[in-house]
>>> print(open('data-v9.txt').read())   # compact mmCIF, C-alpha atoms
# COMPACT_ATOMS: atom_id res chain seq x y z
CA MET A 1177 -2.32 19.93 -21.60
CA SER A 1178 -2.05 16.59 -23.41
CA ASP A 1179 -1.61 13.45 -21.33
CA GLN A 1180 2.08 13.38 -22.24
CA ASP A 1181 2.49 17.01 -21.18
CA GLN A 1182 0.73 16.32 -17.91
CA PHE A 1183 3.04 13.37 -17.18
CA ASP A 1184 6.07 15.45 -18.07
CA ASP A 1185 4.80 18.18 -15.73
CA ILE A 1186 5.23 15.91 -12.69
CA PRO A 1187 8.60 16.80 -11.17
CA GLY A 1188 11.38 14.25 -10.72
CA THR A 1189 9.40 11.40 -12.28
CA TYR A 1190 10.21 9.31 -15.37
CA LEU A 1191 7.22 7.41 -16.68
CA PHE A 1192 8.19 3.99 -18.05
CA ASP A 1193 6.27 4.42 -21.27
CA ARG A 1194 6.86 3.08 -24.77
CA HIS A 1195 9.64 5.58 -25.46
CA ARG A 1196 11.69 4.67 -22.40
CA SER A 1197 10.94 0.97 -22.81
CA ARG A 1198 12.35 0.97 -26.35
CA GLN A 1199 15.28 3.20 -25.39
CA GLY A 1200 16.14 1.10 -22.34
CA TYR A 1201 15.49 -2.42 -23.63
CA HIS A 1202 19.07 -3.70 -23.64
CA LEU A 1203 19.99 -1.82 -20.47
CA ASN A 1204 17.05 -3.39 -18.65
CA MET A 1205 17.79 -6.83 -20.05
CA PHE A 1206 21.34 -6.47 -18.71
CA PHE A 1207 19.86 -5.70 -15.27
CA PHE A 1208 17.50 -8.65 -15.60
CA SER A 1209 20.38 -11.03 -16.37
CA LEU A 1210 21.77 -10.36 -12.89
CA MET A 1211 19.04 -12.47 -11.30
CA LYS A 1212 21.28 -15.50 -11.88
CA PRO A 1213 24.18 -15.89 -9.42
CA GLU A 1214 26.59 -17.05 -12.12
CA ASN A 1215 25.87 -13.88 -14.11
CA ARG A 1216 26.42 -11.69 -11.06
CA GLU A 1217 29.80 -13.35 -10.57
CA ALA A 1218 30.71 -12.96 -14.23
CA PHE A 1219 29.77 -9.27 -14.21
CA LEU A 1220 31.70 -8.51 -11.02
CA ALA A 1221 34.76 -10.36 -12.34
CA ASP A 1222 34.82 -8.48 -15.67
CA GLU A 1223 32.36 -5.62 -15.97
CA GLU A 1224 33.44 -4.39 -19.41
CA GLY A 1225 33.55 -7.88 -20.88
CA TYR A 1226 30.15 -8.78 -19.48
CA LEU A 1227 28.58 -5.58 -20.79
CA ASP A 1228 29.85 -6.45 -24.29
CA GLY A 1229 27.06 -9.04 -24.37
CA PHE A 1230 24.40 -6.32 -24.28
CA PRO A 1231 24.12 -3.89 -27.22
CA MET A 1232 23.36 -0.82 -25.12
CA THR A 1233 24.38 2.74 -26.03
CA PRO A 1234 27.75 4.16 -24.93
CA GLU A 1235 25.87 6.53 -22.57
CA GLN A 1236 24.00 3.65 -20.95
CA ARG A 1237 27.22 1.66 -20.62
CA LYS A 1238 28.90 4.65 -18.97
CA GLY A 1239 25.95 4.97 -16.59
CA VAL A 1240 26.39 1.35 -15.52
CA LEU A 1241 30.15 1.61 -15.02
CA GLU A 1242 29.85 4.90 -13.09
CA ARG A 1243 26.84 3.76 -11.00
CA ASP A 1244 24.92 6.82 -12.21
CA TRP A 1245 21.53 5.72 -10.85
CA LEU A 1246 19.52 8.75 -11.96
CA GLY A 1247 21.34 8.82 -15.29
CA MET A 1248 20.39 5.21 -15.99
CA ILE A 1249 16.73 6.02 -15.28
CA LYS A 1250 16.89 8.98 -17.67
CA LEU A 1251 18.34 6.68 -20.35
CA GLY A 1252 15.42 4.25 -20.19
CA GLY A 1253 16.25 2.18 -17.13
CA ASN A 1254 13.35 1.00 -15.00
CA VAL A 1255 13.79 0.95 -11.25
CA TYR A 1256 12.54 -2.62 -10.79
CA TYR A 1257 15.08 -3.86 -13.32
CA MET A 1258 17.77 -1.60 -11.90
CA SER A 1259 17.19 -3.04 -8.42
CA LYS A 1260 18.84 -6.27 -9.64
CA PHE A 1261 21.97 -4.27 -10.40
CA GLY A 1262 21.71 -2.59 -7.01
CA ALA A 1263 21.37 -5.97 -5.29
CA THR A 1264 24.42 -7.26 -7.17
CA LEU A 1265 26.40 -4.43 -5.58
CA GLY A 1266 24.78 -4.84 -2.17
CA ARG A 1267 22.69 -1.69 -2.63
CA SER A 1268 19.06 -1.45 -1.51
CA PHE A 1269 16.12 0.39 -3.04
CA GLN A 1270 16.60 2.95 -0.30
CA TYR A 1271 20.24 3.52 -1.25
CA MET A 1272 19.31 4.01 -4.90
CA ALA A 1273 16.46 6.35 -3.97
CA GLY A 1274 18.80 8.48 -1.89
CA ALA A 1275 21.35 8.59 -4.70
CA MET A 1276 18.71 9.56 -7.29
CA SER A 1277 17.36 12.34 -5.10
CA GLY A 1278 20.83 13.67 -4.34
CA VAL A 1279 21.27 12.79 -0.67
CA THR A 1280 23.01 10.08 1.34
CA GLN A 1281 21.13 6.94 2.34
CA GLU A 1282 21.13 8.19 5.95
CA GLU A 1283 19.64 11.55 5.03
CA TYR A 1284 17.07 9.84 2.87
CA ALA A 1285 16.15 7.36 5.63
CA ASP A 1286 15.75 10.26 8.07
CA MET A 1287 13.38 11.98 5.63
CA MET A 1288 11.29 8.81 5.41
CA LYS A 1289 11.15 8.42 9.20
CA ALA A 1290 9.93 12.01 9.40
CA GLY A 1291 6.98 11.15 7.13
CA GLY A 1292 8.51 11.06 3.68
CA ARG A 1293 8.74 13.65 0.91
CA SER A 1294 5.74 15.95 1.08
CA ILE A 1295 3.25 15.95 -1.77
CA ASP A 1296 2.86 19.69 -1.34
CA GLY A 1297 5.10 21.42 -3.84
CA ASN A 1298 5.76 18.15 -5.69
CA ARG A 1299 2.69 17.81 -7.90
CA SER A 1300 3.42 20.07 -10.83
CA LYS A 1301 6.43 21.86 -12.25
CA SER A 1302 4.39 24.51 -14.04
CA GLU A 1303 2.08 25.32 -11.15
CA GLU A 1304 4.72 24.82 -8.47
CA ASN A 1305 2.19 23.17 -6.16
CA MET B 486 -19.78 -24.37 -4.33
CA ALA B 487 -16.80 -22.21 -3.48
CA ARG B 488 -17.29 -18.84 -1.85
CA ILE B 489 -15.30 -15.68 -1.14
CA VAL B 490 -15.28 -15.14 2.61
CA GLY B 491 -13.01 -12.14 2.92
CA GLY B 492 -10.56 -9.75 1.39
CA LEU B 493 -7.26 -8.34 2.60
CA ALA B 494 -5.04 -5.71 1.06
CA THR B 495 -1.51 -4.95 2.12
CA SER B 496 1.66 -3.31 0.92
CA HIS B 497 4.39 -5.74 -0.18
CA VAL B 498 7.63 -3.91 0.58
CA PRO B 499 10.82 -5.97 -0.01
CA ALA B 500 12.57 -4.40 3.00
CA VAL B 501 9.74 -5.77 5.17
CA GLY B 502 10.56 -9.25 3.90
CA ALA B 503 14.22 -8.64 4.67
CA ALA B 504 13.35 -7.46 8.20
CA ILE B 505 11.43 -10.73 8.76
CA ASP B 506 14.18 -12.87 7.26
CA LEU B 507 16.86 -11.17 9.36
CA GLY B 508 14.87 -11.40 12.61
CA LYS B 509 14.43 -7.64 13.02
CA THR B 510 10.65 -7.45 13.50
CA GLN B 511 10.95 -6.48 17.18
CA THR B 512 13.50 -3.69 16.80
CA ASP B 513 12.37 -0.19 17.78
CA HIS B 514 12.20 0.78 14.12
CA TRP B 515 10.15 -2.16 12.82
CA LYS B 516 7.98 -3.16 15.81
CA PRO B 517 5.17 -0.62 15.21
CA LEU B 518 4.70 -1.89 11.67
CA PHE B 519 4.69 -5.58 12.57
CA ASP B 520 2.48 -5.10 15.62
CA GLY B 521 -0.09 -3.62 13.27
CA TYR B 522 -0.37 -6.94 11.42
CA VAL B 523 -1.25 -9.08 14.46
CA PRO B 524 -5.04 -8.49 14.26
CA ALA B 525 -4.99 -9.39 10.55
CA GLN B 526 -3.07 -12.58 11.34
CA GLU B 527 -5.67 -13.45 13.96
CA TRP B 528 -8.47 -12.72 11.49
CA LEU B 529 -6.89 -14.95 8.86
CA ALA B 530 -6.38 -17.77 11.37
CA ARG B 531 -10.04 -17.49 12.36
CA VAL B 532 -11.34 -17.44 8.78
CA ASP B 533 -8.84 -20.18 7.84
CA PRO B 534 -9.45 -20.17 4.07
CA ASP B 535 -8.77 -23.19 1.88
CA VAL B 536 -7.21 -20.99 -0.77
CA ILE B 537 -5.87 -17.44 -1.05
CA VAL B 538 -6.30 -15.83 -4.47
CA LEU B 539 -3.38 -13.43 -4.27
CA VAL B 540 -3.23 -10.46 -6.64
CA TYR B 541 0.24 -8.98 -6.98
CA ASN B 542 2.63 -7.61 -9.53
CA ASP B 543 5.79 -9.22 -10.70
CA HIS B 544 8.69 -6.77 -10.28
CA ALA B 545 10.72 -7.70 -13.38
CA THR B 546 11.33 -11.15 -11.92
CA ALA B 547 9.33 -13.92 -13.62
CA PHE B 548 8.61 -11.65 -16.57
CA SER B 549 11.08 -9.37 -18.30
CA LEU B 550 10.53 -6.99 -21.18
CA GLU B 551 10.48 -10.09 -23.40
CA ILE B 552 6.84 -10.73 -22.50
CA ILE B 553 4.54 -8.38 -20.60
CA PRO B 554 1.22 -10.00 -19.67
CA THR B 555 -1.33 -7.47 -18.44
CA PHE B 556 -3.09 -10.13 -16.36
CA GLY B 557 -1.64 -13.55 -15.59
CA ILE B 558 -2.75 -16.51 -13.49
CA GLY B 559 -0.45 -19.15 -12.01
CA VAL B 560 -1.90 -22.55 -12.90
CA ALA B 561 1.02 -24.66 -11.66
CA GLU B 562 1.13 -27.04 -8.69
CA ASN B 563 3.67 -24.80 -6.96
CA PHE B 564 5.71 -21.63 -7.27
CA PRO B 565 9.31 -21.27 -6.02
CA PRO B 566 10.53 -18.09 -4.29
CA ALA B 567 12.53 -16.06 -6.82
CA ASP B 568 16.13 -14.88 -6.70
CA GLU B 569 15.74 -11.11 -7.10
CA GLY B 570 19.44 -10.43 -7.13
CA TRP B 571 20.38 -11.28 -3.55
CA GLY B 572 19.34 -14.97 -3.52
CA PRO B 573 15.83 -16.33 -2.92
CA ARG B 574 14.07 -15.43 0.33
CA PRO B 575 14.38 -18.27 2.87
CA VAL B 576 10.67 -19.09 2.72
CA PRO B 577 8.85 -22.22 1.57
CA THR B 578 7.72 -22.97 -1.94
CA VAL B 579 4.17 -21.72 -2.45
CA ASP B 580 1.65 -24.48 -3.11
CA GLY B 581 -0.86 -23.60 -5.79
CA HIS B 582 -4.33 -24.93 -6.48
CA ALA B 583 -4.08 -25.96 -10.12
CA GLU B 584 -7.65 -27.25 -10.42
CA LEU B 585 -9.14 -23.99 -9.17
CA ALA B 586 -6.66 -21.90 -11.16
CA TRP B 587 -7.51 -23.65 -14.43
CA HIS B 588 -11.20 -23.25 -13.67
CA LEU B 589 -10.68 -19.54 -13.02
CA SER B 590 -8.76 -19.09 -16.28
CA GLU B 591 -11.44 -20.81 -18.32
CA SER B 592 -14.24 -18.89 -16.65
CA LEU B 593 -12.45 -15.53 -16.91
CA ILE B 594 -11.56 -15.93 -20.58
CA LEU B 595 -15.08 -17.01 -21.51
CA ASP B 596 -16.22 -13.97 -19.52
CA GLU B 597 -13.99 -11.86 -21.83
CA PHE B 598 -11.04 -11.34 -19.47
CA ASP B 599 -8.22 -12.71 -21.63
CA ILE B 600 -5.84 -13.69 -18.86
CA THR B 601 -2.46 -15.33 -19.55
CA MET B 602 -2.03 -18.85 -18.13
CA ILE B 603 1.37 -19.45 -16.56
CA ASN B 604 2.99 -22.72 -15.53
CA GLU B 605 6.54 -21.56 -14.74
CA MET B 606 6.49 -18.62 -12.36
CA PRO B 607 9.04 -17.92 -9.64
CA VAL B 608 7.31 -15.54 -7.21
CA ASP B 609 9.02 -12.44 -5.86
CA HIS B 610 8.52 -10.23 -2.79
CA GLY B 611 5.21 -9.01 -4.21
CA LEU B 612 3.68 -12.38 -3.36
CA THR B 613 5.83 -13.76 -0.54
CA VAL B 614 5.94 -10.66 1.70
CA PRO B 615 2.12 -10.50 2.10
CA LEU B 616 2.15 -14.20 2.99
CA SER B 617 4.91 -13.68 5.57
CA LEU B 618 3.07 -10.72 7.07
CA THR B 619 -0.26 -12.46 7.45
CA CYS B 620 0.33 -16.18 7.90
CA GLY B 621 3.70 -16.77 9.46
CA LYS B 622 3.65 -19.72 11.82
CA ASP B 623 3.12 -17.48 14.83
CA SER B 624 2.06 -13.93 15.49
CA ARG B 625 5.61 -12.69 15.12
CA CYS B 626 5.77 -13.63 11.46
CA GLU B 627 8.64 -16.07 11.61
CA ALA B 628 8.95 -18.06 8.40
CA PRO B 629 6.78 -21.17 8.66
CA GLU B 630 7.96 -24.62 7.62
CA GLN B 631 5.15 -24.66 5.10
CA TRP B 632 2.65 -21.97 4.13
CA PRO B 633 -0.68 -22.76 5.77
CA HIS B 634 -2.78 -21.94 2.71
CA ARG B 635 -2.77 -22.83 -0.97
CA VAL B 636 -2.38 -19.81 -3.22
CA VAL B 637 -3.62 -18.98 -6.70
CA PRO B 638 -1.38 -16.11 -7.88
CA ILE B 639 -2.83 -13.47 -10.19
CA SER B 640 -0.26 -11.12 -11.66
CA VAL B 641 -0.94 -7.61 -12.95
CA ASN B 642 1.38 -5.49 -15.06
CA VAL B 643 1.98 -2.19 -13.31
CA VAL B 644 5.60 -1.75 -14.48
CA GLN B 645 5.21 -0.95 -18.18
CA TYR B 646 2.79 1.87 -19.08
CA PRO B 647 -0.11 1.46 -19.45
CA PRO B 648 -1.29 -0.72 -16.58
CA PRO B 649 -4.94 -1.79 -16.65
CA THR B 650 -7.42 0.84 -15.49
CA GLY B 651 -8.94 0.80 -12.03
CA LYS B 652 -12.33 0.00 -13.53
CA ARG B 653 -10.90 -2.94 -15.47
CA CYS B 654 -9.30 -4.25 -12.29
CA TYR B 655 -12.52 -3.88 -10.31
CA ASP B 656 -14.45 -5.68 -13.06
CA LEU B 657 -11.87 -8.48 -13.11
CA GLY B 658 -12.54 -8.88 -9.39
CA ARG B 659 -16.26 -9.21 -10.09
CA ALA B 660 -15.52 -11.86 -12.72
CA ILE B 661 -13.34 -13.74 -10.23
CA ARG B 662 -16.24 -13.77 -7.79
CA LYS B 663 -18.56 -15.15 -10.47
CA ALA B 664 -16.01 -17.83 -11.38
CA VAL B 665 -15.46 -18.82 -7.75
CA GLU B 666 -19.19 -19.19 -7.17
CA ALA B 667 -19.40 -21.56 -10.16
CA TYR B 668 -16.64 -23.83 -8.84
CA HIS B 669 -17.77 -27.36 -7.96
CA GLU B 670 -15.74 -27.90 -4.80
CA ASP B 671 -16.70 -26.56 -1.38
CA LEU B 672 -13.91 -24.05 -0.72
CA ASP B 673 -13.56 -20.92 1.40
CA ILE B 674 -11.49 -18.33 -0.42
CA VAL B 675 -9.86 -15.10 0.69
CA VAL B 676 -8.72 -12.62 -1.95
CA TYR B 677 -5.61 -10.50 -1.40
CA GLY B 678 -4.84 -7.25 -3.16
CA THR B 679 -1.25 -6.13 -2.65
CA GLY B 680 1.14 -3.26 -3.32
CA GLY B 681 0.95 0.46 -2.56
CA MET B 682 0.27 2.62 -0.77
CA SER B 683 1.86 5.94 -1.73
CA HIS B 684 5.48 5.51 -2.76
CA GLN B 685 7.93 6.52 -5.42
CA LEU B 686 11.15 4.58 -5.84
CA HIS B 687 12.84 6.47 -8.64
CA GLY B 688 13.89 9.94 -9.76
CA GLU B 689 14.47 13.09 -7.75
CA ARG B 690 10.94 12.79 -6.30
CA ALA B 691 11.71 9.40 -4.67
CA GLY B 692 10.28 9.07 -1.18
CA LEU B 693 6.99 10.81 -1.93
CA ILE B 694 4.26 10.05 0.61
CA ASN B 695 0.66 11.30 0.56
CA SER B 696 -1.08 10.07 3.70
CA LYS B 697 -4.19 12.19 3.13
CA TRP B 698 -4.77 10.58 -0.25
CA ASP B 699 -4.03 7.11 1.13
CA THR B 700 -6.50 7.57 3.98
CA ALA B 701 -9.24 8.61 1.57
CA PHE B 702 -8.51 5.52 -0.52
CA LEU B 703 -8.81 3.27 2.55
CA ASP B 704 -12.06 5.00 3.54
CA ASP B 705 -13.62 4.68 0.11
CA LEU B 706 -12.97 0.96 -0.25
CA THR B 707 -16.13 0.66 1.84
CA ARG B 708 -17.79 4.08 1.41
CA ASP B 709 -17.38 4.85 -2.26
CA PRO B 710 -15.69 2.22 -4.46
CA GLU B 711 -17.27 3.92 -7.50
CA ARG B 712 -14.95 6.88 -6.94
CA LEU B 713 -11.92 4.63 -6.69
CA LYS B 714 -12.81 2.87 -9.96
CA SER B 715 -12.63 6.14 -11.84
CA ILE B 716 -9.26 7.41 -10.53
CA PRO B 717 -7.09 7.94 -13.63
CA PHE B 718 -3.51 6.76 -13.99
CA LEU B 719 -2.25 10.33 -13.94
CA GLU B 720 -3.75 10.94 -10.50
CA TYR B 721 -2.11 7.84 -9.04
CA VAL B 722 1.28 8.91 -10.37
CA ARG B 723 1.00 12.56 -9.37
CA GLU B 724 -0.65 12.12 -5.97
CA THR B 725 0.75 8.81 -4.70
CA GLY B 726 4.12 8.58 -6.46
CA ALA B 727 4.88 6.70 -9.66
CA GLU B 728 4.87 3.32 -7.95
CA GLY B 729 1.62 4.03 -6.08
CA ILE B 730 -0.17 2.78 -9.20
CA GLU B 731 0.08 -0.65 -7.56
CA LEU B 732 -3.11 0.34 -5.71
CA VAL B 733 -5.20 -0.65 -8.74
CA MET B 734 -4.55 -4.22 -7.59
CA TRP B 735 -6.51 -3.52 -4.39
CA LEU B 736 -9.52 -2.87 -6.62
CA ILE B 737 -9.43 -6.46 -7.93
CA MET B 738 -9.80 -7.63 -4.33
CA ARG B 739 -12.55 -5.08 -3.74
CA GLY B 740 -14.46 -6.11 -6.86
CA ALA B 741 -14.30 -9.76 -5.80
CA LEU B 742 -16.11 -9.04 -2.53
CA GLY B 743 -19.41 -7.90 -4.04
CA ASP B 744 -21.25 -4.61 -3.76
CA ASP B 745 -21.37 -4.16 0.00
CA VAL B 746 -18.53 -4.83 2.40
CA SER B 747 -17.70 -4.23 6.04
CA GLU B 748 -14.32 -3.01 7.18
CA ILE B 749 -12.94 -5.33 9.84
CA TYR B 750 -9.55 -3.76 10.45
CA ARG B 751 -6.99 -1.34 9.09
CA HIS B 752 -3.45 -0.28 9.85
CA TYR B 753 -1.35 2.47 8.31
CA HIS B 754 2.29 3.14 9.06
CA ILE B 755 5.02 5.41 7.69
CA PRO B 756 7.62 4.43 6.68
CA ALA B 757 8.32 0.94 5.45
CA SER B 758 11.60 1.77 3.76
CA ASN B 759 10.40 4.03 0.88
CA THR B 760 6.73 3.34 1.33
CA ALA B 761 3.57 4.19 3.25
CA SER B 762 2.51 0.76 4.47
CA GLY B 763 -1.23 0.08 4.38
CA LEU B 764 -3.30 -2.89 5.52
CA ILE B 765 -7.05 -3.40 5.39
CA VAL B 766 -9.32 -6.39 6.07
CA LEU B 767 -12.81 -6.50 4.54
CA GLU B 768 -15.65 -8.98 4.63
CA PRO B 769 -18.62 -9.22 2.28
CA ALA B 770 -21.76 -7.79 3.91
CA ALA B 771 -23.89 -10.55 5.36
>>> encode(input="data-v9.txt", output="structure tokens")
Amino acid sequence: MSDQDQFDDIPGTYLFDRHRSRQGYHLNMFFFSLMKPENREAFLADEEGYLDGFPMTPEQRKGVLERDWLGMIKLGGNVYYMSKFGATLGRSFQYMAGAMSGVTQEEYADMMKAGGRSIDGNRSKSEEN
Amino acid sequence: MARIVGGLATSHVPAVGAAIDLGKTQTDHWKPLFDGYVPAQEWLARVDPDVIVLVYNDHATAFSLEIIPTFGIGVAENFPPADEGWGPRPVPTVDGHAELAWHLSESLILDEFDITMINEMPVDHGLTVPLSLTCGKDSRCEAPEQWPHRVVPISVNVVQYPPPTGKRCYDLGRAIRKAVEAYHEDLDIVVYGTGGMSHQLHGERAGLINSKWDTAFLDDLTRDPERLKSIPFLEYVRETGAEGIELVMWLIMRGALGDDVSEIYRHYHIPASNTASGLIVLEPAA
């Protein structure tokens, strides 16, 4: 397998490589803008109007408005940038992780307390190990 | 002449900073993690370095996609805590050591490590959480009025692929040691590597933990650093979770300590929010 194929073979993982970085540039720069309190206020007061300042794709814009955390990652979002959006909404890394893996924050936190998601079965899609 | 007297590596989980800031370190959930840091705090107080060279990664805070330095060094007089979206942490401004930092940048670049010099750098949880964990004003990690040590921050890109290789990080550590030993002032320096251990924060695989892999990594910091230098990016991502790649920063600390080291202390705890929390204290062999 090529390096790219080997990365793509890891389940549930979206490498922030050159493709996603180019695809997600304006989405991530929107997230980054939320580090300033005045921008957080402006976004929360008028989400659509604020997003007009960032030339993202309609799909990315929809992901933001619908809080589609996994969808935003798939469209080039990076989790460290996205955490600024989460924080703006009062959402933690753990909340976003639960949402992306399809469970509630409580269920996710319980999984972590029990030792986390096992590596066994989560290494490779093709080999199912 | 300055000298490196020790190395410490620790995870830098933002939720750990929040637990400190909100006074939750003694709750049933958090106490086992924080108790594990007490021996490292005592070690640091005993060693009492003049400067901490702290290797960390910026989490899309001081740097955005506008500029992505692979290696950076903070050469300013001080570094303010950053607002990461929920307001800055209530911790003091970090005092730098500009004279040493400029010396390190000159020495590193002439030694062919083309590091980016940075004067304006708000520092995020990657830098302030390790400081809170190890040198709070008392053993319970309450925020001190002033950090007890000056800090030279060294930033490493581990957000945008590709991060530097483990070997490159280890070699940068060796170059830092050489630069420190050529510094004119008599300073004791401790090097921190931060980040890790196994964790994945995004995607359906979020929450991945691999304690067997982490334990082998901790073991081989003393037993077999050559193996650690050759671990490829793909293995970090597959075995430790996508964000486990932060562990390459521990290899900068390890490289700075010289060939032979002694393990003084370690602590490993699951979970710290999404993360396997690791801590290790090393000293150069006498």
>>> closest_residue(input="data-v9.txt", among="B:Ala727, B:Met486, B:Val665, B:Ile505", to="Val538 (chain B)", atoms="only C-alpha atoms")
B:Val665
>>> residues_around(input="data-v9.txt", residues="Gly726 (chain B)", least_positions_apart="3", cutoff="6 Å", atoms="all atoms listed in the file", output="list in words")
Ser683, His684, Gln685, Leu693, Val722, Arg723 and Gly729 of chain B
>>> residues_around(input="data-v9.txt", residues="region 1238-1241 of chain A", least_positions_apart="5", cutoff="9 Å", atoms="all atoms listed in the file", output="mmCIF file with C-alpha atoms, keeping the file's coordinate frame")
data_model
loop_
_atom_site.group_PDB
_atom_site.id
_atom_site.type_symbol
_atom_site.label_atom_id
_atom_site.label_comp_id
_atom_site.auth_asym_id
_atom_site.auth_seq_id
_atom_site.Cartn_x
_atom_site.Cartn_y
_atom_site.Cartn_z
ATOM 1 C CA LEU A 1203 19.990 -1.820 -20.470
ATOM 2 C CA GLU A 1223 32.360 -5.620 -15.970
ATOM 3 C CA GLU A 1224 33.440 -4.390 -19.410
ATOM 4 C CA LEU A 1227 28.580 -5.580 -20.790
ATOM 5 C CA THR A 1233 24.380 2.740 -26.030
ATOM 6 C CA LEU A 1246 19.520 8.750 -11.960
ATOM 7 C CA GLY A 1247 21.340 8.820 -15.290
ATOM 8 C CA MET A 1248 20.390 5.210 -15.990
ATOM 9 C CA LEU A 1251 18.340 6.680 -20.350
ATOM 10 C CA PHE A 1261 21.970 -4.270 -10.400
#
>>> closest_atom_pairs(input="data-v9.txt", of="chain B", to="chain A", cutoff="6 Å", atoms="only C-alpha atoms", output="CSV")
residue,atom,partner,partner_atom,distance
B:His544,CA,A:Tyr1256,CA,5.7
B:Ala545,CA,A:Tyr1257,CA,5.8
B:Asp568,CA,A:Met1211,CA,6.0
B:Glu569,CA,A:Met1211,CA,5.5
B:Gly570,CA,A:Met1211,CA,4.7
B:Trp571,CA,A:Ala1263,CA,5.7
B:Gln645,CA,A:Phe1192,CA,5.8
B:Tyr646,CA,A:Asp1193,CA,4.8
B:Leu686,CA,A:Ala1273,CA,5.9
B:His687,CA,A:Ala1273,CA,5.9
B:Gly688,CA,A:Gly1188,CA,5.1
B:Glu689,CA,A:Ser1277,CA,4.0
B:Arg690,CA,A:Gly1188,CA,4.7
B:Ala691,CA,A:Ala1273,CA,5.7
B:Gly692,CA,A:Arg1293,CA,5.3
B:Leu693,CA,A:Arg1293,CA,4.4
B:Ile694,CA,A:Gly1292,CA,5.3
B:Asn695,CA,A:Ile1295,CA,5.8
B:Arg723,CA,A:Arg1299,CA,5.7
B:Pro756,CA,A:Met1288,CA,5.9
>>> atom_distance(input="data-v9.txt", atom1="CA of Leu719 (chain B)", atom2="CA of Asp1181 (chain A)")
10.9 Å
>>> atom_distance(input="data-v9.txt", atom1="CA of Phe1219 (chain A)", atom2="CA of Phe548 (chain B)")
21.4 Å
>>> build_atoms(input="data-v9.txt", residues="region 605-616 of chain B", atoms="N, CA, C and O atoms", output="CSV table (one decimal), in the coordinates of the input")
chain,number,residue,atom,x,y,z
B,605,GLU,N,5.2,-21.8,-15.4
B,605,GLU,CA,6.5,-21.6,-14.7
B,605,GLU,C,6.6,-20.1,-14.2
B,605,GLU,O,6.7,-19.2,-15.0
B,606,MET,N,6.5,-20.0,-12.9
B,606,MET,CA,6.5,-18.6,-12.4
B,606,MET,C,7.1,-18.5,-11.0
B,606,MET,O,6.5,-18.8,-10.0
B,607,PRO,N,8.4,-18.2,-10.9
B,607,PRO,CA,9.0,-17.9,-9.6
B,607,PRO,C,8.3,-16.7,-9.1
B,607,PRO,O,8.0,-15.8,-9.8
B,608,VAL,N,8.1,-16.7,-7.8
B,608,VAL,CA,7.3,-15.5,-7.2
B,608,VAL,C,8.2,-14.7,-6.4
B,608,VAL,O,9.0,-15.1,-5.6
B,609,ASP,N,8.1,-13.4,-6.5
B,609,ASP,CA,9.0,-12.4,-5.9
B,609,ASP,C,8.4,-11.9,-4.6
B,609,ASP,O,7.3,-12.3,-4.1
B,610,HIS,N,9.0,-10.8,-4.1
B,610,HIS,CA,8.5,-10.2,-2.8
B,610,HIS,C,7.1,-9.8,-2.9
B,610,HIS,O,6.4,-9.7,-1.9
B,611,GLY,N,6.6,-9.5,-4.1
B,611,GLY,CA,5.2,-9.0,-4.2
B,611,GLY,C,4.2,-10.0,-3.7
B,611,GLY,O,3.1,-9.7,-3.2
B,612,LEU,N,4.6,-11.3,-3.8
B,612,LEU,CA,3.7,-12.4,-3.4
B,612,LEU,C,4.1,-12.9,-2.0
B,612,LEU,O,3.3,-13.2,-1.1
B,613,THR,N,5.4,-13.1,-1.8
B,613,THR,CA,5.8,-13.8,-0.5
B,613,THR,C,5.8,-12.8,0.7
B,613,THR,O,5.6,-13.3,1.8
B,614,VAL,N,6.0,-11.5,0.5
B,614,VAL,CA,5.9,-10.7,1.7
B,614,VAL,C,4.5,-10.6,2.3
B,614,VAL,O,4.4,-10.7,3.5
B,615,PRO,N,3.5,-10.4,1.5
B,615,PRO,CA,2.1,-10.5,2.1
B,615,PRO,C,1.8,-11.8,2.8
B,615,PRO,O,1.2,-11.8,3.9
B,616,LEU,N,2.3,-12.9,2.3
B,616,LEU,CA,2.2,-14.2,3.0
B,616,LEU,C,2.9,-14.2,4.3
B,616,LEU,O,2.4,-14.6,5.4
